[in-house]
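What follows is the content of entry.txt (compact mmCIF, C-alpha atoms).
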# COMPACT_ATOMS: atom_id res chain seq x y z
CA MET T 1 -11.74 -16.15 -47.24
CA ALA T 2 -10.17 -17.18 -43.93
CA LYS T 3 -9.25 -14.44 -41.51
CA ASN T 4 -5.64 -13.49 -41.14
CA SER T 5 -3.88 -14.45 -37.93
CA LEU T 6 -2.05 -11.70 -36.05
CA MET T 7 0.68 -14.26 -35.32
CA VAL T 8 1.25 -14.88 -39.06
CA ILE T 9 1.20 -11.12 -39.75
CA ASN T 10 3.79 -10.46 -37.04
CA ASP T 11 5.87 -13.41 -38.23
CA PHE T 12 5.86 -11.91 -41.73
CA LEU T 13 7.01 -8.51 -40.45
CA GLU T 14 9.69 -9.80 -38.05
CA PRO T 15 12.65 -10.04 -40.43
CA LYS T 16 13.60 -6.76 -41.99
CA GLN T 17 14.07 -8.23 -45.48
CA ILE T 18 11.03 -8.19 -47.73
CA ALA T 19 10.77 -8.63 -51.48
CA LEU T 20 8.19 -6.28 -52.99
CA ILE T 21 6.86 -8.05 -56.06
CA GLY T 22 5.24 -5.64 -58.49
CA LEU T 23 6.76 -2.28 -57.60
CA SER T 24 5.28 0.21 -60.05
CA ARG T 25 7.38 2.39 -62.32
CA ASP T 26 4.91 5.21 -61.59
CA PRO T 27 6.13 7.11 -58.50
CA LYS T 28 2.52 8.13 -57.75
CA LYS T 29 1.25 4.55 -57.32
CA PHE T 30 0.56 3.02 -53.91
CA SER T 31 3.31 0.41 -54.26
CA ARG T 32 5.86 3.23 -54.39
CA ALA T 33 4.43 4.79 -51.21
CA VAL T 34 4.66 1.40 -49.49
CA PHE T 35 8.23 0.98 -50.76
CA LYS T 36 9.26 4.37 -49.35
CA GLU T 37 7.45 3.99 -46.05
CA LEU T 38 8.73 0.49 -45.29
CA ARG T 39 12.27 1.60 -46.08
CA ALA T 40 11.84 4.61 -43.77
CA LYS T 41 10.76 2.18 -41.04
CA GLY T 42 14.00 0.20 -41.35
CA TYR T 43 13.01 -2.58 -43.72
CA ASP T 44 15.36 -3.75 -46.46
CA ILE T 45 13.05 -3.84 -49.45
CA TYR T 46 14.00 -5.81 -52.54
CA PRO T 47 11.80 -4.49 -55.37
CA VAL T 48 10.91 -6.71 -58.31
CA ASN T 49 9.84 -5.31 -61.66
CA PRO T 50 11.05 -6.71 -65.00
CA ASN T 51 11.08 -3.22 -66.51
CA MET T 52 13.18 -1.38 -63.91
CA ASP T 53 16.87 -1.45 -63.00
CA ASP T 54 16.55 0.64 -59.86
CA ALA T 55 14.00 2.45 -57.73
CA GLU T 56 15.22 5.59 -56.01
CA GLY T 57 18.76 4.26 -55.95
CA VAL T 58 17.80 0.74 -54.80
CA LYS T 59 18.57 -2.16 -57.13
CA CYS T 60 15.41 -3.50 -58.73
CA TYR T 61 15.36 -7.19 -59.57
CA HIS T 62 13.90 -8.25 -62.90
CA ASN T 63 12.42 -11.47 -61.55
CA ILE T 64 11.97 -13.44 -58.35
CA ALA T 65 14.74 -15.90 -59.28
CA ASP T 66 17.29 -13.05 -59.14
CA LEU T 67 16.57 -12.17 -55.50
CA PRO T 68 19.12 -13.01 -52.79
CA GLU T 69 18.54 -16.53 -51.46
CA ASP T 70 18.09 -15.36 -47.86
CA VAL T 71 15.02 -13.24 -48.72
CA LYS T 72 12.05 -15.52 -47.99
CA HIS T 73 9.22 -13.04 -47.37
CA ALA T 74 7.40 -11.50 -50.33
CA LEU T 75 4.80 -8.74 -50.49
CA PHE T 76 2.76 -8.96 -53.68
CA MET T 77 1.44 -5.74 -55.18
CA THR T 78 0.96 -7.19 -58.63
CA PRO T 79 -1.98 -6.83 -60.97
CA LYS T 80 -4.41 -9.69 -60.27
CA SER T 81 -3.69 -11.15 -63.70
CA ASN T 82 -0.02 -11.66 -62.68
CA THR T 83 -0.41 -12.70 -59.04
CA ALA T 84 -0.95 -16.46 -59.31
CA GLY T 85 2.02 -16.97 -61.63
CA ALA T 86 4.23 -14.80 -59.44
CA VAL T 87 3.16 -16.68 -56.29
CA GLU T 88 3.89 -19.98 -58.01
CA ASN T 89 7.33 -18.65 -58.96
CA ALA T 90 7.98 -17.49 -55.37
CA VAL T 91 6.96 -20.86 -53.95
CA HIS T 92 9.22 -22.58 -56.46
CA HIS T 93 12.11 -20.40 -55.25
CA GLY T 94 11.59 -21.27 -51.59
CA PHE T 95 9.63 -18.31 -50.24
CA THR T 96 8.08 -19.24 -46.90
CA HIS T 97 5.91 -16.16 -46.24
CA ILE T 98 3.64 -14.40 -48.70
CA TRP T 99 1.53 -11.28 -48.22
CA LEU T 100 -1.05 -10.62 -50.93
CA GLN T 101 -1.78 -6.92 -50.58
CA GLN T 102 -5.41 -5.86 -50.94
CA GLY T 103 -6.18 -5.76 -54.63
CA ALA T 104 -3.52 -8.31 -55.60
CA GLU T 105 -5.13 -11.43 -54.14
CA THR T 106 -6.87 -14.03 -56.25
CA LYS T 107 -8.42 -17.36 -55.29
CA GLU T 108 -5.84 -19.14 -57.45
CA ALA T 109 -2.88 -17.38 -55.77
CA ILE T 110 -4.28 -18.12 -52.31
CA GLU T 111 -4.75 -21.78 -53.22
CA ILE T 112 -1.19 -22.08 -54.59
CA ALA T 113 0.22 -20.64 -51.35
CA ARG T 114 -1.93 -22.88 -49.16
CA GLN T 115 -1.21 -26.05 -51.15
CA ASN T 116 2.50 -25.41 -50.69
CA GLY T 117 2.38 -24.74 -46.94
CA VAL T 118 3.38 -21.09 -47.24
CA LYS T 119 2.45 -18.77 -44.39
CA LEU T 120 -0.06 -16.45 -46.01
CA VAL T 121 -1.57 -13.04 -45.33
CA SER T 122 -4.24 -12.09 -47.82
CA GLY T 123 -6.48 -9.11 -48.44
CA ALA T 124 -4.92 -6.95 -45.73
CA CYS T 125 -2.97 -3.72 -46.02
CA ILE T 126 0.60 -4.09 -44.82
CA MET T 127 0.65 -0.42 -43.86
CA MET T 128 -1.91 -1.07 -41.09
CA HIS T 129 0.49 -3.55 -39.49
CA ALA T 130 4.05 -2.34 -40.12
CA ASN T 131 4.27 0.27 -37.36
CA PRO T 132 1.39 2.30 -38.84
CA SER T 133 1.32 6.06 -38.94
CA GLY T 134 -1.00 8.70 -40.35
CA VAL T 135 -4.13 7.45 -42.10
CA HIS T 136 -2.98 3.83 -41.72
CA LYS T 137 -2.87 4.23 -37.95
CA PHE T 138 -6.43 5.57 -38.07
CA HIS T 139 -7.53 2.65 -40.27
CA ARG T 140 -5.97 0.28 -37.74
CA PHE T 141 -7.90 2.00 -34.93
CA LEU T 142 -11.18 1.66 -36.85
CA SER T 143 -10.44 -1.97 -37.66
CA LYS T 144 -9.95 -2.71 -33.96
CA LEU T 145 -13.00 -0.68 -32.99
CA PHE T 146 -15.29 -2.60 -35.32
CA GLY T 147 -13.79 -6.03 -34.57
CA ALA T 148 -12.18 -6.55 -37.96
CA PHE T 149 -8.58 -6.50 -36.72
CA PRO T 150 -6.88 -9.92 -36.86
CA LYS T 151 -6.55 -11.96 -33.69
CA ASN T 152 -4.25 -14.83 -32.77
Could you show the structure in this file as structure tokens?
Amino acid sequence: MAKNSLMVINDFLEPKQIALIGLSRDPKKFSRAVFKELRAKGYDIYPVNPNMDDAEGVKCYHNIADLPEDVKHALFMTPKSNTAGAVENAVHHGFTHIWLQQGAETKEAIEIARQNGVKLVSGACIMMHANPSGVHKFHRFLSKLFGAFPKN
């Protein structure tokens, strides 16, 4: 797997509008922690889950096609079995930036994004890059210390 570029990561995080594809209904799941933390950091998060109408008072979209047209960055926290189809759907709807959170990435999803010229971050934790705090800040420190942190 190719290394992520810090420039592509920063480009993904620049706009404050991000679709979160695969927000869990379970408030104890990691996707819900990411949802809360990104919102607390000033991001407008547009959650997508076909089985939810809202998440903590925020409208939840049932599918990618329902998202506002100006949202072009998508964070995928889907089960691996759903990722490739969801990425294909996002590409079809004009998404230009895709982040496949650790655990969501598949070779097929990565290939779909690359074949369609989408700016891609794969296999990295967004919480290490979006103004990290707590344990994510420590993980970022370790990543830099051991030379695993992305470079331009």
Problem set entry | Nearest to Ser24 in chain T, chosen from T:Asp54, T:Glu88, T:Asp66, T:Glu105, with all atoms listed in the file counted in the distances | T:Asp54
Problem set entry | Protein and nucleic acid residues near (13.8, -2.4, -63.1) (cut-off 12 Å, all atoms listed in the file) as a PyMOL selection string | chain T and resi 21-26+46-63+66
For this session: Kindly provide, as an NGL selection string, the polymer residues lying within 9 Å of (15.9, -5.7, -41.3), counting only C-alpha atoms and using the coordinates exactly as they appear in the file.
Result: :T and (14-18 or 42-45)
Problem set entry | Surrounding residues of Glu108 in chain T excluding itself and chain neighbours under 2 positions, 12 Å, all atoms listed in the file, as an NGL selection string | :T and (80-88 or 100 or 104-106 or 110-115)
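Proximity to Gln102 in chain T was assessed for T:Pro150, T:Gly123, T:Pro79, T:Pro27 counting all atoms listed in the file; the smallest distance is recorded for T:Gly123.
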For this session: Between CA of Lys28 in chain T and CA of Ile9 in chain T, measure the distance and give it in Å to one decimal.
Result: 26.4 Å
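You will find CA of Asp11 in chain T at 14.6 Å from CA of Ala124 in chain T.
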Problem set entry | Proximity to Met77 in chain T - best of T:Thr96, T:Asn116, T:Ser122, T:Ser31, only C-alpha atoms |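 Of all the options, T:Ser31 lies closest to Met77 in chain T.
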